[in-house]
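Engineer: I am sharing start_4.csv, which consists of CSV, N, CA and C atoms:
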```
chain,number,residue,atom,x,y,z
A,5,MET,N,-9.3,13.9,19.8
A,5,MET,CA,-9.9,13.1,18.7
A,5,MET,C,-9.1,11.9,18.5
A,6,GLN,N,-9.7,10.7,18.3
A,6,GLN,CA,-9.0,9.5,18.0
A,6,GLN,C,-8.4,9.6,16.6
A,7,LYS,N,-7.2,9.2,16.4
A,7,LYS,CA,-6.6,9.3,15.0
A,7,LYS,C,-7.1,8.1,14.2
A,8,THR,N,-7.0,8.2,12.9
A,8,THR,CA,-7.4,7.1,12.0
A,8,THR,C,-6.2,6.4,11.4
A,9,THR,N,-6.3,5.2,11.1
A,9,THR,CA,-5.2,4.4,10.5
A,9,THR,C,-5.8,3.6,9.4
A,10,THR,N,-5.1,3.7,8.2
A,10,THR,CA,-5.5,2.9,7.1
A,10,THR,C,-5.2,1.4,7.3
A,11,PHE,N,-6.1,0.5,7.0
A,11,PHE,CA,-6.0,-0.9,7.2
A,11,PHE,C,-6.1,-1.6,5.9
A,12,LEU,N,-5.0,-2.3,5.5
A,12,LEU,CA,-5.0,-3.0,4.2
A,12,LEU,C,-5.2,-4.5,4.4
A,13,MET,N,-6.2,-5.1,3.8
A,13,MET,CA,-6.5,-6.5,4.0
A,13,MET,C,-6.2,-7.2,2.6
A,14,TYR,N,-5.3,-8.1,2.6
A,14,TYR,CA,-4.9,-8.8,1.4
A,14,TYR,C,-5.7,-10.0,1.3
A,15,VAL,N,-6.6,-10.1,0.3
A,15,VAL,CA,-7.6,-11.1,0.1
A,15,VAL,C,-7.4,-11.7,-1.3
A,16,GLY,N,-8.1,-12.8,-1.5
A,16,GLY,CA,-8.1,-13.4,-2.9
A,16,GLY,C,-6.7,-13.8,-3.3
A,17,ASP,N,-6.4,-13.4,-4.6
A,17,ASP,CA,-5.1,-13.7,-5.1
A,17,ASP,C,-4.0,-13.0,-4.4
A,18,GLN,N,-4.3,-12.0,-3.6
A,18,GLN,CA,-3.3,-11.2,-2.9
A,18,GLN,C,-3.0,-11.8,-1.5
A,19,CYS,N,-3.9,-12.7,-1.0
A,19,CYS,CA,-3.7,-13.3,0.3
A,19,CYS,C,-2.4,-14.0,0.4
A,20,GLY,N,-1.7,-13.7,1.5
A,20,GLY,CA,-0.3,-14.3,1.6
A,20,GLY,C,0.8,-13.3,1.2
A,21,LYS,N,0.4,-12.1,0.7
A,21,LYS,CA,1.4,-11.2,0.2
A,21,LYS,C,1.5,-9.9,1.0
A,22,ALA,N,0.8,-9.9,2.2
A,22,ALA,CA,0.8,-8.7,3.0
A,22,ALA,C,2.3,-8.4,3.5
A,23,GLU,N,3.0,-9.4,4.0
A,23,GLU,CA,4.4,-9.1,4.4
A,23,GLU,C,5.3,-8.6,3.3
A,24,GLU,N,5.2,-9.2,2.2
A,24,GLU,CA,5.9,-8.8,1.0
A,24,GLU,C,5.6,-7.4,0.6
A,25,ALA,N,4.3,-7.0,0.6
A,25,ALA,CA,3.9,-5.6,0.3
A,25,ALA,C,4.4,-4.7,1.3
A,26,ILE,N,4.3,-5.0,2.6
A,26,ILE,CA,4.8,-4.1,3.7
A,26,ILE,C,6.3,-3.9,3.5
A,27,ARG,N,7.1,-4.9,3.3
A,27,ARG,CA,8.5,-4.7,3.1
A,27,ARG,C,8.8,-3.9,1.9
A,28,PHE,N,8.1,-4.1,0.8
A,28,PHE,CA,8.3,-3.3,-0.4
A,28,PHE,C,8.0,-1.8,-0.1
A,29,TYR,N,6.8,-1.5,0.5
A,29,TYR,CA,6.4,-0.1,0.8
A,29,TYR,C,7.4,0.6,1.7
A,30,THR,N,7.8,-0.1,2.8
A,30,THR,CA,8.8,0.5,3.7
A,30,THR,C,10.2,0.7,3.1
A,31,SER,N,10.5,0.0,2.0
A,31,SER,CA,11.8,0.2,1.4
A,31,SER,C,11.7,1.4,0.5
A,32,LEU,N,10.6,1.9,0.1
A,32,LEU,CA,10.4,3.0,-0.8
A,32,LEU,C,10.4,4.4,-0.2
A,33,PHE,N,9.8,4.4,1.0
A,33,PHE,CA,9.6,5.7,1.7
A,33,PHE,C,10.5,5.9,2.8
A,34,LYS,N,11.1,7.1,2.9
A,34,LYS,CA,12.0,7.5,4.0
A,34,LYS,C,11.3,7.5,5.3
A,35,ASN,N,12.0,7.4,6.4
A,35,ASN,CA,11.4,7.4,7.7
A,35,ASN,C,10.3,6.4,7.9
A,36,SER,N,10.5,5.2,7.3
A,36,SER,CA,9.5,4.1,7.4
A,36,SER,C,10.0,2.9,8.2
A,37,THR,N,9.1,2.3,8.8
A,37,THR,CA,9.5,1.1,9.6
A,37,THR,C,8.4,0.1,9.8
A,38,ILE,N,8.8,-1.1,10.1
A,38,ILE,CA,7.8,-2.2,10.4
A,38,ILE,C,7.8,-2.2,11.9
A,39,LYS,N,6.7,-1.9,12.5
A,39,LYS,CA,6.7,-1.8,14.0
A,39,LYS,C,6.4,-3.2,14.6
A,40,ASN,N,5.5,-4.0,13.9
A,40,ASN,CA,5.2,-5.3,14.4
A,40,ASN,C,4.5,-6.1,13.4
A,41,ILE,N,4.9,-7.4,13.3
A,41,ILE,CA,4.1,-8.4,12.5
A,41,ILE,C,3.8,-9.6,13.3
A,42,GLU,N,2.6,-9.9,13.4
A,42,GLU,CA,2.1,-11.1,14.2
A,42,GLU,C,1.6,-12.1,13.1
A,43,TYR,N,2.1,-13.4,13.2
A,43,TYR,CA,1.7,-14.4,12.2
A,43,TYR,C,0.7,-15.4,12.8
A,44,PHE,N,-0.1,-16.0,11.9
A,44,PHE,CA,-1.0,-17.0,12.3
A,44,PHE,C,-0.1,-18.3,12.7
A,45,LYS,N,-0.6,-18.9,13.7
A,45,LYS,CA,0.1,-20.2,14.1
A,45,LYS,C,-0.6,-21.4,13.5
A,46,ALA,N,0.0,-22.5,13.5
A,46,ALA,CA,-0.6,-23.7,13.0
A,46,ALA,C,-1.9,-24.0,13.7
A,47,GLY,N,-3.0,-24.3,13.0
A,47,GLY,CA,-4.3,-24.6,13.5
A,47,GLY,C,-5.1,-23.4,14.1
A,48,GLU,N,-4.5,-22.3,14.0
A,48,GLU,CA,-5.2,-21.1,14.5
A,48,GLU,C,-6.3,-20.7,13.6
A,49,PRO,N,-7.5,-20.5,14.1
A,49,PRO,CA,-8.6,-20.1,13.1
A,49,PRO,C,-8.4,-18.7,12.5
A,50,GLY,N,-8.9,-18.6,11.3
A,50,GLY,CA,-8.9,-17.2,10.6
A,50,GLY,C,-7.8,-17.0,9.7
A,51,GLY,N,-6.8,-17.9,9.6
A,51,GLY,CA,-5.7,-17.7,8.7
A,51,GLY,C,-4.8,-19.0,8.5
A,52,LYS,N,-4.0,-18.9,7.6
A,52,LYS,CA,-3.0,-20.0,7.3
A,52,LYS,C,-1.7,-19.8,8.1
A,53,GLU,N,-1.2,-20.8,8.6
A,53,GLU,CA,0.1,-20.8,9.3
A,53,GLU,C,1.1,-19.9,8.6
A,54,GLY,N,1.7,-19.0,9.3
A,54,GLY,CA,2.8,-18.2,8.7
A,54,GLY,C,2.3,-16.9,7.9
A,55,SER,N,1.0,-16.8,7.7
A,55,SER,CA,0.5,-15.6,7.0
A,55,SER,C,0.3,-14.5,8.1
A,56,VAL,N,0.2,-13.3,7.6
A,56,VAL,CA,0.1,-12.1,8.5
A,56,VAL,C,-1.3,-12.0,9.2
A,57,LYS,N,-1.2,-12.2,10.5
A,57,LYS,CA,-2.5,-12.0,11.3
A,57,LYS,C,-2.7,-10.6,11.6
A,58,HIS,N,-1.7,-9.8,11.9
A,58,HIS,CA,-1.8,-8.4,12.1
A,58,HIS,C,-0.5,-7.7,12.0
A,59,ALA,N,-0.4,-6.6,11.3
A,59,ALA,CA,0.9,-5.9,11.2
A,59,ALA,C,0.7,-4.4,11.3
A,60,ILE,N,1.7,-3.8,11.9
A,60,ILE,CA,1.7,-2.3,12.0
A,60,ILE,C,3.0,-1.8,11.4
A,61,PHE,N,2.9,-0.9,10.5
A,61,PHE,CA,4.0,-0.3,9.9
A,61,PHE,C,3.8,1.2,9.6
A,62,THR,N,4.9,1.9,9.3
A,62,THR,CA,4.8,3.3,9.0
A,62,THR,C,5.4,3.6,7.7
A,63,LEU,N,4.8,4.6,7.0
A,63,LEU,CA,5.4,5.1,5.7
A,63,LEU,C,5.6,6.6,5.9
A,64,ASP,N,6.9,7.0,6.0
A,64,ASP,CA,7.2,8.4,6.3
A,64,ASP,C,6.5,8.9,7.6
A,65,GLY,N,6.4,8.1,8.6
A,65,GLY,CA,5.8,8.4,9.8
A,65,GLY,C,4.3,8.2,9.9
A,66,GLN,N,3.6,7.9,8.8
A,66,GLN,CA,2.2,7.7,8.8
A,66,GLN,C,1.9,6.2,9.1
A,67,GLU,N,1.1,5.9,10.1
A,67,GLU,CA,0.9,4.5,10.5
A,67,GLU,C,-0.2,3.8,9.6
A,68,TYR,N,0.1,2.6,9.3
A,68,TYR,CA,-0.8,1.7,8.6
A,68,TYR,C,-0.9,0.3,9.3
A,69,MET,N,-1.9,-0.4,9.0
A,69,MET,CA,-2.0,-1.8,9.5
A,69,MET,C,-2.4,-2.7,8.3
A,70,ALA,N,-2.1,-4.0,8.4
A,70,ALA,CA,-2.4,-4.9,7.3
A,70,ALA,C,-2.5,-6.3,7.9
A,71,ASN,N,-3.2,-7.1,7.1
A,71,ASN,CA,-3.3,-8.6,7.4
A,71,ASN,C,-3.6,-9.4,6.1
A,72,ASP,N,-3.4,-10.7,6.2
A,72,ASP,CA,-3.8,-11.6,5.1
A,72,ASP,C,-5.1,-12.2,5.6
A,73,SER,N,-6.1,-12.4,4.7
A,73,SER,CA,-7.3,-13.0,5.0
A,73,SER,C,-7.7,-14.0,3.9
A,74,PRO,N,-7.6,-15.3,4.2
A,74,PRO,CA,-8.0,-16.4,3.2
A,74,PRO,C,-9.4,-16.6,3.1
A,75,MET,N,-10.3,-16.0,3.9
A,75,MET,CA,-11.7,-16.2,3.8
A,75,MET,C,-12.3,-15.7,2.5
A,76,ALA,N,-13.4,-16.2,2.1
A,76,ALA,CA,-14.0,-15.8,0.8
A,76,ALA,C,-14.7,-14.4,1.1
A,77,HIS,N,-14.1,-13.4,0.5
A,77,HIS,CA,-14.7,-12.1,0.6
A,77,HIS,C,-15.2,-11.7,-0.8
A,78,LYS,N,-16.2,-10.8,-0.8
A,78,LYS,CA,-16.8,-10.3,-2.0
A,78,LYS,C,-16.2,-8.9,-2.3
A,79,PHE,N,-15.0,-8.7,-1.9
A,79,PHE,CA,-14.3,-7.5,-2.2
A,79,PHE,C,-12.8,-7.7,-2.3
A,80,SER,N,-12.1,-6.7,-2.8
A,80,SER,CA,-10.7,-6.6,-2.8
A,80,SER,C,-10.4,-5.1,-2.8
A,81,PHE,N,-9.2,-4.7,-3.1
A,81,PHE,CA,-8.8,-3.3,-3.2
A,81,PHE,C,-9.5,-2.7,-4.3
A,82,THR,N,-9.9,-1.4,-4.2
A,82,THR,CA,-10.6,-0.6,-5.2
A,82,THR,C,-9.9,0.7,-5.4
A,83,PRO,N,-9.8,1.2,-6.6
A,83,PRO,CA,-9.2,2.6,-6.8
A,83,PRO,C,-10.1,3.7,-6.2
A,84,ALA,N,-11.3,3.4,-5.7
A,84,ALA,CA,-12.1,4.4,-5.1
A,84,ALA,C,-11.5,4.9,-3.8
A,85,ILE,N,-10.6,4.1,-3.2
A,85,ILE,CA,-9.9,4.5,-2.1
A,85,ILE,C,-8.4,4.3,-2.4
A,86,SER,N,-7.6,5.4,-2.2
A,86,SER,CA,-6.2,5.3,-2.6
A,86,SER,C,-5.3,6.0,-1.6
A,87,ILE,N,-4.1,5.7,-1.7
A,87,ILE,CA,-3.1,6.4,-0.8
A,87,ILE,C,-2.6,7.6,-1.6
A,88,PHE,N,-2.8,8.8,-1.1
A,88,PHE,CA,-2.3,10.0,-1.7
A,88,PHE,C,-1.0,10.5,-1.2
A,89,VAL,N,0.0,10.7,-2.0
A,89,VAL,CA,1.3,11.1,-1.6
A,89,VAL,C,1.7,12.4,-2.2
A,90,ASN,N,2.0,13.4,-1.4
A,90,ASN,CA,2.5,14.6,-1.9
A,90,ASN,C,4.0,14.5,-2.0
A,91,CYS,N,4.6,14.4,-3.2
A,91,CYS,CA,6.0,14.2,-3.3
A,91,CYS,C,6.8,15.5,-3.2
A,92,GLU,N,7.9,15.5,-2.5
A,92,GLU,CA,8.7,16.7,-2.3
A,92,GLU,C,9.4,17.2,-3.6
A,93,ASN,N,9.7,16.3,-4.5
A,93,ASN,CA,10.4,16.8,-5.7
A,93,ASN,C,10.1,15.8,-6.9
A,94,GLU,N,10.5,16.1,-8.1
A,94,GLU,CA,10.2,15.3,-9.2
A,94,GLU,C,10.9,14.0,-9.2
A,95,GLU,N,12.2,14.0,-8.7
A,95,GLU,CA,12.9,12.8,-8.6
A,95,GLU,C,12.2,11.8,-7.7
A,96,GLU,N,11.7,12.2,-6.6
A,96,GLU,CA,11.0,11.3,-5.7
A,96,GLU,C,9.7,10.8,-6.4
A,97,MET,N,9.0,11.6,-7.0
A,97,MET,CA,7.8,11.2,-7.7
A,97,MET,C,8.0,10.2,-8.8
A,98,ASN,N,9.1,10.5,-9.6
A,98,ASN,CA,9.4,9.6,-10.7
A,98,ASN,C,9.8,8.2,-10.2
A,99,MET,N,10.6,8.2,-9.1
A,99,MET,CA,11.1,6.9,-8.5
A,99,MET,C,9.9,6.1,-8.0
A,100,LEU,N,9.0,6.8,-7.2
A,100,LEU,CA,7.8,6.1,-6.6
A,100,LEU,C,6.9,5.6,-7.7
A,101,PHE,N,6.7,6.4,-8.7
A,101,PHE,CA,5.8,6.0,-9.8
A,101,PHE,C,6.3,4.8,-10.5
A,102,GLN,N,7.6,4.8,-10.8
A,102,GLN,CA,8.2,3.7,-11.5
A,102,GLN,C,8.2,2.4,-10.7
A,103,LYS,N,8.6,2.5,-9.4
A,103,LYS,CA,8.6,1.3,-8.5
A,103,LYS,C,7.2,0.8,-8.2
A,104,LEU,N,6.3,1.7,-7.9
A,104,LEU,CA,5.0,1.2,-7.5
A,104,LEU,C,4.2,0.7,-8.7
A,105,SER,N,4.4,1.2,-9.9
A,105,SER,CA,3.7,0.7,-11.1
A,105,SER,C,4.2,-0.6,-11.7
A,106,GLU,N,5.4,-1.0,-11.3
A,106,GLU,CA,6.0,-2.3,-11.8
A,106,GLU,C,5.0,-3.4,-11.5
A,107,GLY,N,4.5,-4.1,-12.5
A,107,GLY,CA,3.6,-5.2,-12.2
A,107,GLY,C,2.2,-4.8,-11.9
A,108,GLY,N,1.9,-3.5,-11.9
A,108,GLY,CA,0.6,-3.0,-11.6
A,108,GLY,C,0.0,-2.5,-12.8
A,109,SER,N,-0.9,-1.5,-12.6
A,109,SER,CA,-1.5,-0.8,-13.8
A,109,SER,C,-1.5,0.7,-13.6
A,110,ILE,N,-1.4,1.4,-14.7
A,110,ILE,CA,-1.4,2.9,-14.7
A,110,ILE,C,-2.8,3.4,-15.0
A,111,MET,N,-3.3,4.2,-14.1
A,111,MET,CA,-4.7,4.8,-14.4
A,111,MET,C,-4.5,6.2,-15.0
A,112,MET,N,-3.6,6.9,-14.5
A,112,MET,CA,-3.2,8.2,-15.1
A,112,MET,C,-1.7,8.4,-15.1
A,113,ALA,N,-1.1,8.4,-16.3
A,113,ALA,CA,0.3,8.6,-16.4
A,113,ALA,C,0.7,9.9,-15.8
A,114,PRO,N,1.9,10.0,-15.3
A,114,PRO,CA,2.3,11.3,-14.7
A,114,PRO,C,2.2,12.4,-15.8
A,115,GLY,N,1.6,13.5,-15.4
A,115,GLY,CA,1.4,14.6,-16.3
A,115,GLY,C,0.7,15.8,-15.6
A,116,ASP,N,0.6,16.9,-16.4
A,116,ASP,CA,-0.1,18.1,-15.9
A,116,ASP,C,-1.6,18.0,-16.3
A,117,TYR,N,-2.4,17.8,-15.3
A,117,TYR,CA,-3.8,17.6,-15.5
A,117,TYR,C,-4.6,18.9,-15.2
A,118,GLY,N,-3.9,20.0,-15.0
A,118,GLY,CA,-4.6,21.3,-14.7
A,118,GLY,C,-4.7,21.5,-13.2
A,119,PHE,N,-5.0,20.5,-12.4
A,119,PHE,CA,-5.1,20.7,-11.0
A,119,PHE,C,-3.8,20.5,-10.3
A,120,SER,N,-2.8,20.0,-11.0
A,120,SER,CA,-1.5,19.8,-10.4
A,120,SER,C,-0.5,19.9,-11.6
A,121,LYS,N,0.7,20.4,-11.2
A,121,LYS,CA,1.8,20.5,-12.2
A,121,LYS,C,2.2,19.1,-12.7
A,122,LYS,N,2.2,18.1,-11.8
A,122,LYS,CA,2.5,16.8,-12.2
A,122,LYS,C,1.8,15.8,-11.2
A,123,PHE,N,1.0,14.9,-11.8
A,123,PHE,CA,0.2,14.0,-11.0
A,123,PHE,C,0.1,12.7,-11.7
A,124,GLY,N,0.1,11.6,-11.0
A,124,GLY,CA,-0.1,10.3,-11.5
A,124,GLY,C,-0.9,9.4,-10.6
A,125,TRP,N,-1.6,8.4,-11.2
A,125,TRP,CA,-2.4,7.5,-10.4
A,125,TRP,C,-2.2,6.1,-10.9
A,126,LEU,N,-2.0,5.2,-10.0
A,126,LEU,CA,-1.7,3.8,-10.4
A,126,LEU,C,-2.2,2.8,-9.4
A,127,ALA,N,-2.3,1.5,-9.7
A,127,ALA,CA,-2.5,0.4,-8.8
A,127,ALA,C,-1.3,-0.4,-8.8
A,128,ASP,N,-0.7,-0.7,-7.7
A,128,ASP,CA,0.5,-1.5,-7.6
A,128,ASP,C,0.2,-3.0,-7.8
A,129,LYS,N,1.2,-3.8,-7.8
A,129,LYS,CA,1.1,-5.2,-8.1
A,129,LYS,C,0.2,-6.0,-7.1
A,130,TYR,N,0.0,-5.3,-6.0
A,130,TYR,CA,-0.9,-5.9,-4.9
A,130,TYR,C,-2.3,-5.4,-5.0
A,131,GLY,N,-2.6,-4.5,-5.9
A,131,GLY,CA,-3.9,-4.0,-6.1
A,131,GLY,C,-4.2,-2.7,-5.3
A,132,VAL,N,-3.2,-2.2,-4.6
A,132,VAL,CA,-3.4,-1.0,-3.8
A,132,VAL,C,-3.3,0.2,-4.7
A,133,SER,N,-4.2,1.2,-4.7
A,133,SER,CA,-4.1,2.4,-5.5
A,133,SER,C,-3.3,3.5,-4.8
A,134,TRP,N,-2.6,4.2,-5.7
A,134,TRP,CA,-1.7,5.3,-5.2
A,134,TRP,C,-1.9,6.5,-6.1
A,135,GLN,N,-2.1,7.7,-5.5
A,135,GLN,CA,-2.1,8.9,-6.2
A,135,GLN,C,-0.9,9.7,-5.8
A,136,LEU,N,0.0,10.0,-6.8
A,136,LEU,CA,1.2,10.7,-6.5
A,136,LEU,C,1.1,12.1,-7.1
A,137,ASN,N,1.4,13.1,-6.3
A,137,ASN,CA,1.3,14.5,-6.7
A,137,ASN,C,2.6,15.2,-6.4
A,138,LEU,N,3.1,16.0,-7.3
A,138,LEU,CA,4.2,16.8,-7.1
A,138,LEU,C,3.8,18.0,-6.3
A,139,LYS,N,4.4,18.1,-5.1
A,139,LYS,CA,4.0,19.2,-4.2
A,139,LYS,C,4.3,20.5,-4.8
A,140,ALA,N,3.3,21.5,-4.7
A,140,ALA,CA,3.5,22.8,-5.4
A,140,ALA,C,4.5,23.6,-4.6
```
Go ahead and render the structure in this file as structure tokens.
Structural biologist:
Amino acid sequence: MQKTTTFLMYVGDQCGKAEEAIRFYTSLFKNSTIKNIEYFKAGEPGGKEGSVKHAIFTLDGQEYMANDSPMAHKFSFTPAISIFVNCENEEEMNMLFQKLSEGGSIMMAPGDYGFSKKFGWLADKYGVSWQLNLKA
């Protein structure tokens, strides 16, 4: 079976922030790396010079892709799709929640919601939604 990869497109006010976001995310998760970033060249259609044309990175071994798109889109990131992280311990969860929520918005503060001992949901400063769960 073909594996699936989450693709993050930075549009609207977030366009031009893909590389910044990738560097931020890879700094937070262990075993993370930027595999490749390809940039738009001057005059190349589809993007502004220096913005991310295509990037591949991993977060704790899970592969993601991203790009910047200056085109007028009728969408942006939505909380209906989020990145779910099972945190190994409370220290990791607290650190990730604090760092990822800076400049973003909290949808569910970390707490016991019955289905998990500790769970939190947020949108980071780039608009990407994250669900953080303390692994049982």
Engineer: Need the shell around Asp17 of chain A: protein/DNA/RNA residues with any atom at most 12 Å away, counting only C-alpha atoms. Skip same-chain ones fewer than 3 positions apart. Format as a ChimeraX atom specification?
Structural biologist: /A:13-14,20-22,72-77,79-81,129-131
Engineer: Just give me the gap between atom CA of Leu136 of chain A and atom CA of Leu100 of chain A in Å, one decimal is fine.
Structural biologist: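 Atom CA of Leu100 of chain A lies 8.0 Å from atom CA of Leu136 of chain A.
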Engineer: From the list A:Met99, A:Leu138, A:Val132, A:Val56, which residue is nearest Ile85 of chain A when using all atoms listed in the file?
Structural biologist: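 That would be A:Val132, the residue with the smallest distance to Ile85 of chain A.
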Engineer: Please compute the atom C of Asp116 of chain A-atom N of Ser133 of chain A distance, one decimal, in Å.
Structural biologist: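 Distance reported for this atom pair: 20.6 Å.
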Engineer: As JSON, numbers by chain, please: every residue in chain A that a backbone DSSP assignment puts in helix (DSSP H, G or I).
Structural biologist: {"A": [16, 17, 18, 22, 23, 24, 25, 26, 27, 28, 29, 30, 31, 32, 94, 95, 96, 97, 98, 99, 100, 101, 102, 103, 104, 105]}
Engineer: Tell me, as a list in words, which residues lie within 7 Å of segment 37-43 of chain A, counting only N, CA and C atoms; anything in the same chain fewer than 2 positions away does not count.
Structural biologist: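 What passes the distance filter is Thr30, Lys34, Asn35, Lys45, Lys52, Glu53, Gly54, Ser55, Val56, Lys57, His58, Ala59, Ile60, Phe61, Thr62, Leu63, Asp64 and Gly65 of chain A.
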Engineer: Have a look at atom N of Asn71 of chain A and atom N of Trp125 of chain A and let me know their distance in Å, one decimal.
Structural biologist: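 Answer for the atom N of Asn71 of chain A to atom N of Trp125 of chain A separation: 24.0 Å.
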Engineer: Kindly indicate which residue among A:Phe123, A:Trp134, A:Phe28, A:Phe11 lies nearest to Phe88 of chain A, using all atoms listed in the file for the distances.
Structural biologist: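 Nearest to Phe88 of chain A: A:Trp134.
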Engineer: Of the candidates A:Glu24, A:Gln135, A:Ser36, A:Glu67, which shows the shortest atom-to-atom distance to Ser86 of chain A, using only N, CA and C atoms?
Structural biologist: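 The closest residue to Ser86 of chain A is A:Gln135.
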Engineer: If you run DSSP over the backbone, which residues in chain A end up strand (DSSP E or B)? Put them as a PyMOL selection string.
Structural biologist: chain A and resi 10-14+37-43+56-63+66-72+86-91+109-115+123-127+133-138
Engineer: Residues within 8 Å of (-9.0, 5.7, -11.9), file coordinates, counting only C-alpha atoms: what are they? Give the list as a JSON list (two decimals) with N, CA and C atoms, in the coordinates of the input.
Structural biologist:
```json
[["chain", "number", "residue", "atom", "x", "y", "z"],
["A", 83, "PRO", "N", -9.80, 1.20, -6.60],
["A", 83, "PRO", "CA", -9.20, 2.60, -6.80],
["A", 83, "PRO", "C", -10.10, 3.70, -6.20],
["A", 84, "ALA", "N", -11.30, 3.40, -5.70],
["A", 84, "ALA", "CA", -12.10, 4.40, -5.10],
["A", 84, "ALA", "C", -11.50, 4.90, -3.80],
["A", 111, "MET", "N", -3.30, 4.20, -14.10],
["A", 111, "MET", "CA", -4.70, 4.80, -14.40],
["A", 111, "MET", "C", -4.50, 6.20, -15.00],
["A", 112, "MET", "N", -3.60, 6.90, -14.50],
["A", 112, "MET", "CA", -3.20, 8.20, -15.10],
["A", 112, "MET", "C", -1.70, 8.40, -15.10],
["A", 125, "TRP", "N", -1.60, 8.40, -11.20],
["A", 125, "TRP", "CA", -2.40, 7.50, -10.40],
["A", 125, "TRP", "C", -2.20, 6.10, -10.90],
["A", 126, "LEU", "N", -2.00, 5.20, -10.00],
["A", 126, "LEU", "CA", -1.70, 3.80, -10.40],
["A", 126, "LEU", "C", -2.20, 2.80, -9.40]]
```
Engineer: Mind listing whatever residues come within 10 Å of the point (1.7, 17.5, -10.7)? Use only C-alpha atoms, file coordinates, and give them as a ChimeraX atom specification.
Structural biologist: /A:90-91,94,97,114-124,136-140
Engineer: List the spatial neighbours of Thr9 of chain A as a PyMOL selection string - criterion: any atom at most 8 Å away, all atoms listed in the file, same-chain residues fewer than 2 positions off excluded.
Structural biologist: chain A and resi 6-7+11-12+66-69
